[in-house]
Amino acid sequence: MKQLPAKADLVAQETFKTQTLQPLIEQAQQQKLHLFFVDAAHFVMLPFLGYLYSLAVRYVRSASGRKRFNVLGALHLLSHELVTITTHDYINSVSVCHLLDKLHLLYSELPIVLVMDNARYQKCQLVLQKAASLNIELVFLTPYSPHLNLIERLWKFVKKEVLYNQHYKDYDKFCQAISQCLQLTHTTHKDALDTLLVPNFQSFDNVTFNP
């Protein structure tokens, strides 16, 4: 059983996928542009439980407090290289502008297109003006469409790889484990991610909802 956001417009999602996203993917595969999927992940220093069922009671130590390590990432469609901005405070519009600067510096030989969600700090005038000044195109997903953002799969991979059933004694080690995993996306983890990050996106035709 899978969950679908109650407010999701399935027709709008399918239209976006076929008329906007797939043509961009084809252009990227033809090396006409750099296509990135952008999103922020907020890793909270709490236990991530990986067991679904067990005959014996199992325990995972839990850290006190709710410290967060925030990562704003841009995932390259083809190479799976990841460009990040990290912070121990908050991701905001300034963070997004810093990410745009890094992408422009690294990939300006081809047009750059970013697929991102509708978070207010990403769709504000500061970011829109910055993107225009760098000639970066921003493409915003239809609301409630995380399954159309490829980088969401990467965040799940990171949690499974370094956080499931793990206890980190201090915050620095917690952040280091996440950062190290992210730095190895297109090297150590390349084979696993090449399979996981195939740009095939689910459609929800003929969906049956349970009451």
# chains A, B, ... in the order shown; residues from 1 in each chain; ligands from 1
$ residues_around --residues "Lys159 in chain A" --least-positions-apart "5" --cutoff "12 Å" --atoms "only C-alpha atoms" --output "MDAnalysis selection string"
chainID A and resid 41:50 152:154 164:166 174 177:179 181:182
$ write_last_selection --atoms "N, CA and C atoms" --output "tab-separated table (two decimals), in the first residue's frame"
chain	number	residue	atom	x	y	z
A	41	ALA	N	16.78	18.50	2.25
A	41	ALA	CA	16.54	17.41	3.20
A	41	ALA	C	16.92	17.91	4.59
A	42	HIS	N	16.08	17.62	5.54
A	42	HIS	CA	16.30	18.05	6.92
A	42	HIS	C	16.48	16.80	7.78
A	43	PHE	N	17.72	16.43	8.00
A	43	PHE	CA	18.03	15.21	8.74
A	43	PHE	C	18.00	15.51	10.24
A	44	VAL	N	17.05	14.93	10.93
A	44	VAL	CA	16.89	15.16	12.37
A	44	VAL	C	17.65	14.08	13.13
A	45	MET	N	18.37	14.49	14.15
A	45	MET	CA	19.18	13.55	14.92
A	45	MET	C	18.30	12.73	15.87
A	46	LEU	N	17.51	11.87	15.26
A	46	LEU	CA	16.65	10.94	15.97
A	46	LEU	C	16.81	9.56	15.33
A	47	PRO	N	16.46	8.49	16.00
A	47	PRO	CA	16.63	7.16	15.40
A	47	PRO	C	15.70	6.93	14.21
A	48	PHE	N	16.25	6.32	13.16
A	48	PHE	CA	15.45	5.89	12.01
A	48	PHE	C	15.32	4.37	12.12
A	49	LEU	N	14.12	3.90	12.40
A	49	LEU	CA	13.92	2.47	12.63
A	49	LEU	C	13.74	1.74	11.31
A	50	GLY	N	14.53	0.68	11.12
A	50	GLY	CA	14.49	-0.06	9.87
A	50	GLY	C	13.74	-1.37	9.95
A	152	GLU	N	14.49	13.00	-4.39
A	152	GLU	CA	13.82	12.40	-3.24
A	152	GLU	C	14.30	10.96	-3.02
A	153	ARG	N	14.60	10.26	-4.09
A	153	ARG	CA	15.09	8.88	-3.97
A	153	ARG	C	16.47	8.87	-3.32
A	154	LEU	N	17.26	9.89	-3.61
A	154	LEU	CA	18.60	9.97	-3.01
A	154	LEU	C	18.50	10.18	-1.51
A	164	TYR	N	19.51	4.30	9.26
A	164	TYR	CA	18.61	3.25	9.75
A	164	TYR	C	19.29	2.45	10.87
A	165	ASN	N	18.60	2.35	12.00
A	165	ASN	CA	19.07	1.54	13.14
A	165	ASN	C	20.46	1.94	13.62
A	166	GLN	N	20.79	3.20	13.47
A	166	GLN	CA	22.09	3.70	13.89
A	166	GLN	C	21.93	4.71	15.02
A	174	PHE	N	27.13	12.52	13.49
A	174	PHE	CA	25.88	12.40	12.74
A	174	PHE	C	25.99	13.15	11.41
A	177	ALA	N	28.61	11.53	8.95
A	177	ALA	CA	28.14	10.32	8.27
A	177	ALA	C	27.29	10.67	7.06
A	178	ILE	N	26.42	11.65	7.22
A	178	ILE	CA	25.55	12.09	6.12
A	178	ILE	C	26.38	12.72	5.01
A	179	SER	N	27.29	13.62	5.38
A	179	SER	CA	28.12	14.33	4.40
A	179	SER	C	28.98	13.36	3.61
A	181	CYS	N	28.44	10.20	2.98
A	181	CYS	CA	27.60	9.43	2.06
A	181	CYS	C	27.26	10.27	0.83
A	182	LEU	N	26.93	11.53	1.03
A	182	LEU	CA	26.57	12.41	-0.09
A	182	LEU	C	27.76	12.67	-1.01
$ residues_around --residues "range 82-99 of chain A" --least-positions-apart "4" --cutoff "7 Å" --atoms "only C-alpha atoms" --output "MDAnalysis selection string"
chainID A and resid 68:76 103 121:122 126:127 130
$ write_last_selection --atoms "N, CA and C atoms" --output "JSON list (two decimals), in the first residue's frame"
[["chain", "number", "residue", "atom", "x", "y", "z"],
["A", 68, "ARG", "N", 19.18, 19.34, 13.83],
["A", 68, "ARG", "CA", 18.97, 19.02, 12.43],
["A", 68, "ARG", "C", 20.18, 19.42, 11.61],
["A", 69, "PHE", "N", 20.47, 18.59, 10.63],
["A", 69, "PHE", "CA", 21.50, 18.89, 9.63],
["A", 69, "PHE", "C", 20.77, 19.07, 8.32],
["A", 70, "ASN", "N", 20.79, 20.28, 7.79],
["A", 70, "ASN", "CA", 20.00, 20.63, 6.61],
["A", 70, "ASN", "C", 20.87, 20.65, 5.37],
["A", 71, "VAL", "N", 20.39, 19.99, 4.33],
["A", 71, "VAL", "CA", 21.13, 19.90, 3.08],
["A", 71, "VAL", "C", 20.23, 20.34, 1.93],
["A", 72, "LEU", "N", 20.67, 21.35, 1.20],
["A", 72, "LEU", "CA", 20.02, 21.74, -0.04],
["A", 72, "LEU", "C", 20.85, 21.17, -1.17],
["A", 73, "GLY", "N", 20.24, 20.31, -1.99],
["A", 73, "GLY", "CA", 21.00, 19.60, -3.00],
["A", 73, "GLY", "C", 20.46, 19.78, -4.40],
["A", 74, "ALA", "N", 21.35, 19.70, -5.37],
["A", 74, "ALA", "CA", 20.99, 19.68, -6.79],
["A", 74, "ALA", "C", 21.62, 18.44, -7.40],
["A", 75, "LEU", "N", 20.79, 17.52, -7.86],
["A", 75, "LEU", "CA", 21.24, 16.23, -8.39],
["A", 75, "LEU", "C", 21.24, 16.27, -9.91],
["A", 76, "HIS", "N", 22.39, 16.01, -10.50],
["A", 76, "HIS", "CA", 22.51, 16.00, -11.96],
["A", 76, "HIS", "C", 21.86, 14.74, -12.52],
["A", 103, "LEU", "N", 26.24, 26.21, -9.13],
["A", 103, "LEU", "CA", 25.88, 25.51, -10.37],
["A", 103, "LEU", "C", 26.35, 26.28, -11.59],
["A", 121, "TYR", "N", 10.65, 29.70, -0.17],
["A", 121, "TYR", "CA", 12.01, 30.25, -0.26],
["A", 121, "TYR", "C", 12.66, 29.93, -1.61],
["A", 122, "GLN", "N", 12.05, 29.03, -2.40],
["A", 122, "GLN", "CA", 12.58, 28.73, -3.73],
["A", 122, "GLN", "C", 11.85, 29.50, -4.83],
["A", 126, "LEU", "N", 13.65, 37.00, -4.92],
["A", 126, "LEU", "CA", 15.12, 36.99, -4.81],
["A", 126, "LEU", "C", 15.70, 35.85, -5.64],
["A", 127, "VAL", "N", 15.12, 34.66, -5.52],
["A", 127, "VAL", "CA", 15.63, 33.50, -6.26],
["A", 127, "VAL", "C", 15.33, 33.63, -7.74],
["A", 130, "LYS", "N", 17.74, 36.08, -9.22],
["A", 130, "LYS", "CA", 19.10, 35.52, -9.26],
["A", 130, "LYS", "C", 19.22, 34.52, -10.42]]
$ closest_residue --among "A:Leu141, A:Leu184, A:Leu105, A:Val162" --to "Thr15 in chain A" --atoms "only C-alpha atoms"
A:Leu141
$ residues_around --residues "range 27-35 of chain A" --least-positions-apart "2" --cutoff "9 Å" --atoms "only C-alpha atoms" --output "mmCIF file with N, CA and C atoms, in the first residue's frame"
data_model
loop_
_atom_site.group_PDB
_atom_site.id
_atom_site.type_symbol
_atom_site.label_atom_id
_atom_site.label_comp_id
_atom_site.auth_asym_id
_atom_site.auth_seq_id
_atom_site.Cartn_x
_atom_site.Cartn_y
_atom_site.Cartn_z
ATOM 1 N N GLN A 22 9.434 15.064 -19.267
ATOM 2 C CA GLN A 22 10.028 14.117 -20.212
ATOM 3 C C GLN A 22 10.776 14.811 -21.360
ATOM 4 N N PRO A 23 10.247 15.911 -21.943
ATOM 5 C CA PRO A 23 11.037 16.622 -22.959
ATOM 6 C C PRO A 23 12.356 17.165 -22.415
ATOM 7 N N LEU A 24 12.367 17.636 -21.166
ATOM 8 C CA LEU A 24 13.613 18.117 -20.564
ATOM 9 C C LEU A 24 14.611 16.973 -20.394
ATOM 10 N N ILE A 25 14.118 15.822 -19.975
ATOM 11 C CA ILE A 25 14.989 14.655 -19.813
ATOM 12 C C ILE A 25 15.602 14.253 -21.153
ATOM 13 N N PHE A 37 17.753 18.115 -10.403
ATOM 14 C CA PHE A 37 16.590 18.027 -9.525
ATOM 15 C C PHE A 37 17.007 18.563 -8.164
ATOM 16 N N LEU A 75 20.789 17.522 -7.855
ATOM 17 C CA LEU A 75 21.241 16.235 -8.388
ATOM 18 C C LEU A 75 21.241 16.266 -9.906
ATOM 19 N N HIS A 76 22.389 16.014 -10.504
ATOM 20 C CA HIS A 76 22.513 16.001 -11.960
ATOM 21 C C HIS A 76 21.861 14.738 -12.519
ATOM 22 N N LEU A 77 21.002 14.907 -13.506
ATOM 23 C CA LEU A 77 20.254 13.777 -14.053
ATOM 24 C C LEU A 77 21.158 12.668 -14.565
ATOM 25 N N LEU A 78 22.205 13.021 -15.311
ATOM 26 C CA LEU A 78 23.016 12.011 -15.995
ATOM 27 C C LEU A 78 24.168 11.487 -15.144
ATOM 28 N N TYR A 107 28.833 24.490 -14.251
ATOM 29 C CA TYR A 107 28.173 23.888 -15.403
ATOM 30 C C TYR A 107 27.716 24.884 -16.456
ATOM 31 N N SER A 108 28.355 26.022 -16.553
ATOM 32 C CA SER A 108 27.846 27.082 -17.426
ATOM 33 C C SER A 108 28.112 26.847 -18.910
ATOM 34 N N GLU A 109 28.778 25.738 -19.282
ATOM 35 C CA GLU A 109 29.051 25.493 -20.707
ATOM 36 C C GLU A 109 27.795 25.101 -21.474
ATOM 37 N N LEU A 110 26.751 24.672 -20.737
ATOM 38 C CA LEU A 110 25.467 24.349 -21.347
ATOM 39 C C LEU A 110 24.365 25.061 -20.560
ATOM 40 N N PRO A 111 23.190 25.248 -21.158
ATOM 41 C CA PRO A 111 22.072 25.798 -20.395
ATOM 42 C C PRO A 111 21.772 24.927 -19.178
ATOM 43 N N ILE A 112 21.387 25.554 -18.090
ATOM 44 C CA ILE A 112 21.088 24.857 -16.836
ATOM 45 C C ILE A 112 19.598 24.978 -16.548
ATOM 46 N N VAL A 113 18.972 23.844 -16.263
ATOM 47 C CA VAL A 113 17.555 23.818 -15.908
ATOM 48 C C VAL A 113 17.417 23.090 -14.571
ATOM 49 N N LEU A 114 16.673 23.696 -13.654
ATOM 50 C CA LEU A 114 16.455 23.099 -12.339
ATOM 51 C C LEU A 114 14.984 22.742 -12.164
ATOM 52 N N VAL A 115 14.728 21.520 -11.747
ATOM 53 C CA VAL A 115 13.378 21.094 -11.386
ATOM 54 C C VAL A 115 13.284 21.137 -9.865
#
$ closest_residue --among "A:Gln202, A:Asp101, A:Ile151, A:Ala132" --to "Thr185 in chain A" --atoms "only C-alpha atoms"
A:Ile151
$ atom_distance --atom1 "CA of Ala12 in chain A" --atom2 "CA of Ser145 in chain A"
9.7 Å
$ select_by_dssp --residues "range 12-192 of chain A" --states "alpha helix (DSSP H)" --output "MDAnalysis selection string"
chainID A and resid 12:16 22:29 93:107 125:133 151:158 171:183 190:192
$ atom_distance --atom1 "CA of Arg120 in chain A" --atom2 "CA of Phe16 in chain A"
20.0 Å
$ closest_residue --among "A:Thr187, A:Gln125, A:Asn135, A:Thr142" --to "Asp9 in chain A" --atoms "only C-alpha atoms"
A:Thr142
$ closest_residue --among "A:Ala8, A:Asp39, A:His167, A:Thr18" --to "Asn200 in chain A" --atoms "only C-alpha atoms"
A:Thr18
